[in-house]
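Data block for start.cif (mmCIF, C-alpha atoms):
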data_work
loop_
_atom_site.group_PDB
_atom_site.id
_atom_site.type_symbol
_atom_site.label_atom_id
_atom_site.label_comp_id
_atom_site.auth_asym_id
_atom_site.auth_seq_id
_atom_site.Cartn_x
_atom_site.Cartn_y
_atom_site.Cartn_z
ATOM 1 C CA MET A 1 0.000 0.000 0.000
ATOM 2 C CA LYS A 2 1.278 3.458 -0.865
ATOM 3 C CA PHE A 3 0.495 6.728 0.894
ATOM 4 C CA THR A 4 1.632 10.170 -0.206
ATOM 5 C CA THR A 5 0.853 12.174 2.951
ATOM 6 C CA VAL A 6 1.157 11.786 6.702
ATOM 7 C CA ASP A 7 -2.625 12.215 6.952
ATOM 8 C CA GLU A 8 -3.125 9.226 4.636
ATOM 9 C CA THR A 9 -0.824 7.209 6.908
ATOM 10 C CA ARG A 10 -2.926 8.221 9.940
ATOM 11 C CA ASP A 11 -6.135 7.325 8.058
ATOM 12 C CA PHE A 12 -4.706 3.900 7.299
ATOM 13 C CA GLY A 13 -3.964 3.500 11.015
ATOM 14 C CA ARG A 14 -7.620 4.285 11.796
ATOM 15 C CA ARG A 15 -8.742 1.592 9.355
ATOM 16 C CA LEU A 16 -6.231 -0.881 10.756
ATOM 17 C CA ALA A 17 -7.561 -0.194 14.261
ATOM 18 C CA GLY A 18 -10.904 -1.616 13.133
ATOM 19 C CA LEU A 19 -9.229 -5.037 12.885
ATOM 20 C CA LEU A 20 -7.506 -4.876 16.257
ATOM 21 C CA ARG A 21 -8.575 -6.359 19.559
ATOM 22 C CA PRO A 22 -7.165 -6.644 23.065
ATOM 23 C CA GLY A 23 -4.142 -8.911 23.145
ATOM 24 C CA ASP A 24 -2.853 -7.927 19.706
ATOM 25 C CA LEU A 25 0.825 -7.148 19.206
ATOM 26 C CA LEU A 26 2.013 -4.975 16.332
ATOM 27 C CA LEU A 27 5.688 -4.666 15.512
ATOM 28 C CA LEU A 28 6.535 -1.557 13.479
ATOM 29 C CA THR A 29 9.707 -1.440 11.421
ATOM 30 C CA GLY A 30 11.109 1.265 9.194
ATOM 31 C CA PRO A 31 13.708 4.012 9.092
ATOM 32 C CA LEU A 32 13.576 7.270 11.013
ATOM 33 C CA GLY A 33 10.874 9.511 9.580
ATOM 34 C CA ALA A 34 9.017 6.690 7.864
ATOM 35 C CA GLY A 35 5.742 7.456 9.629
ATOM 36 C CA LYS A 36 5.613 4.906 12.450
ATOM 37 C CA THR A 37 4.311 7.357 15.048
ATOM 38 C CA ALA A 38 1.822 8.836 12.566
ATOM 39 C CA LEU A 39 0.479 5.336 11.992
ATOM 40 C CA VAL A 40 0.152 4.814 15.758
ATOM 41 C CA GLN A 41 -1.693 8.133 16.020
ATOM 42 C CA GLY A 42 -4.225 6.790 13.551
ATOM 43 C CA ILE A 43 -4.485 3.483 15.411
ATOM 44 C CA GLY A 44 -5.076 5.380 18.651
ATOM 45 C CA ALA A 45 -7.796 7.488 17.034
ATOM 46 C CA GLY A 46 -9.431 4.344 15.669
ATOM 47 C CA LEU A 47 -9.332 2.697 19.097
ATOM 48 C CA GLY A 48 -10.786 5.816 20.742
ATOM 49 C CA VAL A 49 -7.888 6.389 23.123
ATOM 50 C CA GLN A 50 -7.648 9.586 25.125
ATOM 51 C CA GLY A 51 -5.018 12.277 24.746
ATOM 52 C CA PRO A 52 -2.381 12.958 22.120
ATOM 53 C CA ILE A 53 -0.044 10.259 20.902
ATOM 54 C CA THR A 54 3.594 11.266 20.578
ATOM 55 C CA SER A 55 6.720 9.223 20.088
ATOM 56 C CA PRO A 56 7.692 7.430 23.302
ATOM 57 C CA THR A 57 11.391 7.426 22.352
ATOM 58 C CA PHE A 58 12.525 9.042 25.592
ATOM 59 C CA VAL A 59 10.059 7.406 27.989
ATOM 60 C CA ILE A 60 10.239 4.060 26.126
ATOM 61 C CA ALA A 61 6.549 3.194 26.682
ATOM 62 C CA ARG A 62 3.221 4.961 27.194
ATOM 63 C CA VAL A 63 -0.221 3.600 28.009
ATOM 64 C CA HIS A 64 -3.148 5.417 26.399
ATOM 65 C CA ARG A 65 -6.511 4.764 28.052
ATOM 66 C CA GLY A 66 -9.621 4.118 26.030
ATOM 67 C CA PRO A 67 -12.280 1.499 25.281
ATOM 68 C CA VAL A 68 -9.353 -0.643 24.131
ATOM 69 C CA PRO A 69 -6.157 0.649 25.762
ATOM 70 C CA LEU A 70 -3.103 1.207 23.596
ATOM 71 C CA VAL A 71 0.405 0.462 24.837
ATOM 72 C CA HIS A 72 2.851 2.330 22.605
ATOM 73 C CA ALA A 73 6.514 1.462 23.054
ATOM 74 C CA ASP A 74 9.659 2.519 21.242
ATOM 75 C CA ALA A 75 12.689 0.239 21.536
ATOM 76 C CA TYR A 76 14.998 2.515 19.509
ATOM 77 C CA ARG A 77 17.127 3.532 22.487
ATOM 78 C CA LEU A 78 17.322 -0.039 23.758
ATOM 79 C CA GLY A 79 19.244 -1.315 20.736
ATOM 80 C CA ASP A 80 22.599 -0.164 22.102
ATOM 81 C CA ARG A 81 22.127 -1.682 25.563
ATOM 82 C CA PRO A 82 24.132 -4.778 26.536
ATOM 83 C CA ASP A 83 20.967 -6.866 26.897
ATOM 84 C CA PRO A 84 18.062 -5.136 25.139
ATOM 85 C CA ARG A 85 15.717 -8.094 25.686
ATOM 86 C CA ALA A 86 16.176 -7.741 29.444
ATOM 87 C CA GLU A 87 15.292 -4.060 29.086
ATOM 88 C CA ILE A 88 12.105 -5.050 27.231
ATOM 89 C CA ASP A 89 11.306 -7.555 29.993
ATOM 90 C CA ASP A 90 11.739 -4.785 32.578
ATOM 91 C CA LEU A 91 9.040 -2.749 30.827
ATOM 92 C CA ASP A 92 6.476 -5.453 31.700
ATOM 93 C CA LEU A 93 4.748 -5.026 28.357
ATOM 94 C CA ASP A 94 3.290 -8.477 28.814
ATOM 95 C CA ALA A 95 1.489 -7.342 31.994
ATOM 96 C CA SER A 96 -1.113 -5.490 29.929
ATOM 97 C CA ALA A 97 -0.851 -7.602 26.795
ATOM 98 C CA ASP A 98 -4.193 -9.378 27.262
ATOM 99 C CA ASP A 99 -6.161 -6.173 27.867
ATOM 100 C CA ALA A 100 -4.584 -3.789 25.375
ATOM 101 C CA VAL A 101 -3.300 -3.447 21.848
ATOM 102 C CA THR A 102 0.484 -3.249 22.097
ATOM 103 C CA VAL A 103 2.412 -1.439 19.360
ATOM 104 C CA VAL A 104 6.216 -1.466 19.460
ATOM 105 C CA GLU A 105 8.379 0.675 17.204
ATOM 106 C CA TRP A 106 11.937 -0.572 16.547
ATOM 107 C CA GLY A 107 11.157 -3.863 18.288
ATOM 108 C CA ALA A 108 12.306 -6.355 15.647
ATOM 109 C CA GLY A 109 14.264 -9.122 17.308
ATOM 110 C CA LEU A 110 13.239 -7.888 20.758
ATOM 111 C CA VAL A 111 9.498 -8.300 21.332
ATOM 112 C CA GLU A 112 8.331 -11.205 19.227
ATOM 113 C CA GLN A 113 8.397 -13.399 22.329
ATOM 114 C CA LEU A 114 5.572 -11.328 23.859
ATOM 115 C CA ASN A 115 3.006 -13.079 21.671
ATOM 116 C CA ASP A 116 3.078 -16.113 19.384
ATOM 117 C CA GLU A 117 0.813 -14.152 17.044
ATOM 118 C CA TYR A 118 1.700 -10.674 15.864
ATOM 119 C CA LEU A 119 1.454 -8.339 12.922
ATOM 120 C CA GLN A 120 4.620 -6.847 11.505
ATOM 121 C CA VAL A 121 4.014 -3.477 9.871
ATOM 122 C CA ALA A 122 6.952 -2.583 7.653
ATOM 123 C CA ILE A 123 6.998 1.070 6.590
ATOM 124 C CA ASP A 124 9.395 2.456 4.034
ATOM 125 C CA ARG A 125 9.761 6.082 3.016
ATOM 126 C CA LEU A 126 10.731 6.588 -0.606
ATOM 127 C CA ASP A 127 12.761 9.502 -1.967
ATOM 128 C CA ASP A 128 9.563 11.295 -3.038
ATOM 129 C CA ASP A 129 8.181 11.016 0.561
ATOM 130 C CA THR A 130 5.727 8.320 -0.468
ATOM 131 C CA ARG A 131 5.237 5.773 2.299
ATOM 132 C CA VAL A 132 4.946 2.108 1.408
ATOM 133 C CA ILE A 133 3.383 -0.119 4.058
ATOM 134 C CA ASP A 134 3.544 -3.897 4.015
ATOM 135 C CA LEU A 135 1.574 -5.959 6.526
ATOM 136 C CA VAL A 136 3.196 -9.276 7.388
ATOM 137 C CA PRO A 137 1.062 -11.617 9.526
ATOM 138 C CA HIS A 138 2.754 -13.990 11.960
ATOM 139 C CA GLY A 139 0.501 -16.747 13.249
ATOM 140 C CA GLY A 140 -3.039 -16.714 14.526
ATOM 141 C CA ASP A 141 -5.835 -15.367 12.373
ATOM 142 C CA TRP A 142 -3.921 -12.315 11.115
ATOM 143 C CA ALA A 143 -3.991 -13.420 7.479
ATOM 144 C CA HIS A 144 -7.768 -13.828 7.651
ATOM 145 C CA ARG A 145 -8.272 -10.462 9.366
ATOM 146 C CA LEU A 146 -6.141 -8.692 6.765
ATOM 147 C CA GLU A 147 -8.122 -10.035 3.804
ATOM 148 C CA ASN A 148 -10.432 -6.995 3.861
ATOM 149 C CA MET A 149 -7.722 -4.326 4.103
#

Would you kindly transcribe this structure into structure tokens?
Amino acid sequence: MKFTTVDETRDFGRRLAGLLRPGDLLLLTGPLGAGKTALVQGIGAGLGVQGPITSPTFVIARVHRGPVPLVHADAYRLGDRPDPRAEIDDLDLDASADDAVTVVEWGAGLVEQLNDEYLQVAIDRLDDDTRVIDLVPHGGDWAHRLENM
């Protein structure tokens, strides 16, 4: 899927939120400036969470309350730690995993163990600022849920 504006990326996040349910794990990958946080803003809007959604780079994780809570984490700063998986474990993301949608930016290789079933959202930003989003299902009924996207 291709999107030419940040607003289109947010709108896609709103549509994606319609497929999400408590217990879901989304793993976002892509370079800096690709639109990961914009996508999460759209997901949050679609889930009806309260308050603004900003990048959790410096706080690592934020919980946004709503009908379906959203846990938004950013593992970017954990990549240079001696044991980044231990840092992820210390965040206790799995404590709210059953009750919330958990979205982790920069979590490839670090958070897959949180859930046997997850959706990888790969975002690439082309030279013309077009965003290309690929959804890669891992286990569960993700492939079936994505059929209508």

Using the chain letters and numbering of this document, enumerate as a ChimeraX atom specification the residues selected by the PyMOL selection byres ((chain A and resi 35-46) around 6). /A:9-11,13-14,17,33-34,47-49,53,55

Using all atoms listed in the file, which protein or nucleic acid residues come within 12 Å of Leu26 of chain A? Drop anything in the same chain fewer than 2 positions from it, and give the result as a PyMOL selection string. chain A and resi 13+16-17+19-24+28-29+36+39-40+43+70-74+97+100-108+111-112+114-122+135-138+142

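Ranking A:Gly18, A:Glu147, A:Thr5, A:His64 by their shortest atom-to-atom distance to Pro52 of chain A, with all atoms listed in the file included, puts A:His64 first.
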
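For the pair atom CA of Asp7 of chain A and atom CA of Asp129 of chain A, the interatomic distance is 12.6 Å.
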
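Atom CA of Gly66 of chain A lies 14.6 Å from atom CA of Asp98 of chain A.
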
Can you tell me, as a PyMOL selection string, what residues are no more than 10 Å from Arg125 of chain A when counting all atoms listed in the file, ignoring any on the same chain fewer than 3 positions away? chain A and resi 2-4+30-35+128-133

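Of the listed residues A:Leu25, A:Gln50, A:Val68, A:Leu126, the one whose atoms come nearest to Gly139 of chain A is A:Leu25, with distances taken using all atoms listed in the file.
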
Suppose you want the space between atom CA of Arg15 of chain A and atom CA of Met149 of chain A; what is it in Å? 8.0 Å

Because the input lacks atoms here, generate N, CA and C atoms for segment 24-55 of chain A and report them as a short mmCIF file (atom, residue, chain, number, x, y, z; two decimals), in the frame of the given file.
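And here's result28.cif as it stands now:
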data_model
loop_
_atom_site.label_atom_id
_atom_site.label_comp_id
_atom_site.auth_asym_id
_atom_site.auth_seq_id
_atom_site.Cartn_x
_atom_site.Cartn_y
_atom_site.Cartn_z
N ASP A 24 -3.62 -8.00 20.94
CA ASP A 24 -2.85 -7.93 19.71
C ASP A 24 -1.51 -7.24 19.93
N LEU A 25 -0.51 -7.73 19.21
CA LEU A 25 0.82 -7.15 19.21
C LEU A 25 1.15 -6.74 17.78
N LEU A 26 1.56 -5.48 17.62
CA LEU A 26 2.01 -4.97 16.33
C LEU A 26 3.46 -4.56 16.47
N LEU A 27 4.26 -4.98 15.53
CA LEU A 27 5.69 -4.67 15.51
C LEU A 27 5.93 -3.77 14.31
N LEU A 28 6.32 -2.52 14.55
CA LEU A 28 6.54 -1.56 13.48
C LEU A 28 8.02 -1.45 13.15
N THR A 29 8.32 -1.58 11.87
CA THR A 29 9.71 -1.44 11.42
C THR A 29 9.76 -0.38 10.33
N GLY A 30 10.91 0.25 10.22
CA GLY A 30 11.11 1.26 9.19
C GLY A 30 12.12 2.28 9.66
N PRO A 31 12.69 3.03 8.74
CA PRO A 31 13.71 4.01 9.09
C PRO A 31 13.12 5.21 9.83
N LEU A 32 14.00 6.02 10.39
CA LEU A 32 13.58 7.27 11.01
C LEU A 32 12.79 8.09 10.00
N GLY A 33 11.68 8.67 10.45
CA GLY A 33 10.87 9.51 9.58
C GLY A 33 9.97 8.77 8.63
N ALA A 34 9.85 7.47 8.79
CA ALA A 34 9.02 6.69 7.86
C ALA A 34 7.53 6.88 8.11
N GLY A 35 7.15 7.26 9.33
CA GLY A 35 5.74 7.46 9.63
C GLY A 35 5.19 6.50 10.67
N LYS A 36 6.07 5.87 11.44
CA LYS A 36 5.61 4.91 12.45
C LYS A 36 4.70 5.56 13.49
N THR A 37 5.12 6.70 14.03
CA THR A 37 4.31 7.36 15.05
C THR A 37 3.01 7.89 14.45
N ALA A 38 3.05 8.39 13.23
CA ALA A 38 1.82 8.84 12.57
C ALA A 38 0.84 7.68 12.42
N LEU A 39 1.34 6.51 12.09
CA LEU A 39 0.48 5.34 11.99
C LEU A 39 -0.14 5.02 13.35
N VAL A 40 0.67 5.09 14.41
CA VAL A 40 0.15 4.81 15.76
C VAL A 40 -0.88 5.86 16.16
N GLN A 41 -0.70 7.10 15.75
CA GLN A 41 -1.69 8.13 16.02
C GLN A 41 -3.04 7.75 15.40
N GLY A 42 -3.00 7.25 14.19
CA GLY A 42 -4.22 6.79 13.55
C GLY A 42 -4.83 5.59 14.25
N ILE A 43 -3.99 4.65 14.67
CA ILE A 43 -4.49 3.48 15.41
C ILE A 43 -5.16 3.95 16.70
N GLY A 44 -4.50 4.86 17.41
CA GLY A 44 -5.08 5.38 18.65
C GLY A 44 -6.42 6.04 18.42
N ALA A 45 -6.52 6.84 17.36
CA ALA A 45 -7.80 7.49 17.03
C ALA A 45 -8.86 6.44 16.74
N GLY A 46 -8.48 5.41 16.00
CA GLY A 46 -9.43 4.34 15.67
C GLY A 46 -9.87 3.54 16.87
N LEU A 47 -8.99 3.43 17.87
CA LEU A 47 -9.33 2.70 19.10
C LEU A 47 -10.08 3.58 20.10
N GLY A 48 -10.10 4.89 19.84
CA GLY A 48 -10.79 5.82 20.74
C GLY A 48 -10.01 6.15 22.00
N VAL A 49 -8.68 6.10 21.93
CA VAL A 49 -7.89 6.39 23.12
C VAL A 49 -7.90 7.88 23.42
N GLN A 50 -7.61 8.20 24.67
CA GLN A 50 -7.65 9.59 25.12
C GLN A 50 -6.27 10.23 25.02
N GLY A 51 -6.25 11.51 24.75
CA GLY A 51 -5.02 12.28 24.75
C GLY A 51 -4.21 12.12 23.47
N PRO A 52 -3.22 13.01 23.32
CA PRO A 52 -2.38 12.96 22.12
C PRO A 52 -1.40 11.79 22.17
N ILE A 53 -1.04 11.32 21.01
CA ILE A 53 -0.04 10.26 20.90
C ILE A 53 1.21 10.86 20.29
N THR A 54 2.30 10.79 21.05
CA THR A 54 3.59 11.27 20.58
C THR A 54 4.58 10.11 20.69
N SER A 55 5.71 10.28 20.06
CA SER A 55 6.72 9.22 20.09
C SER A 55 7.20 8.99 21.52
#
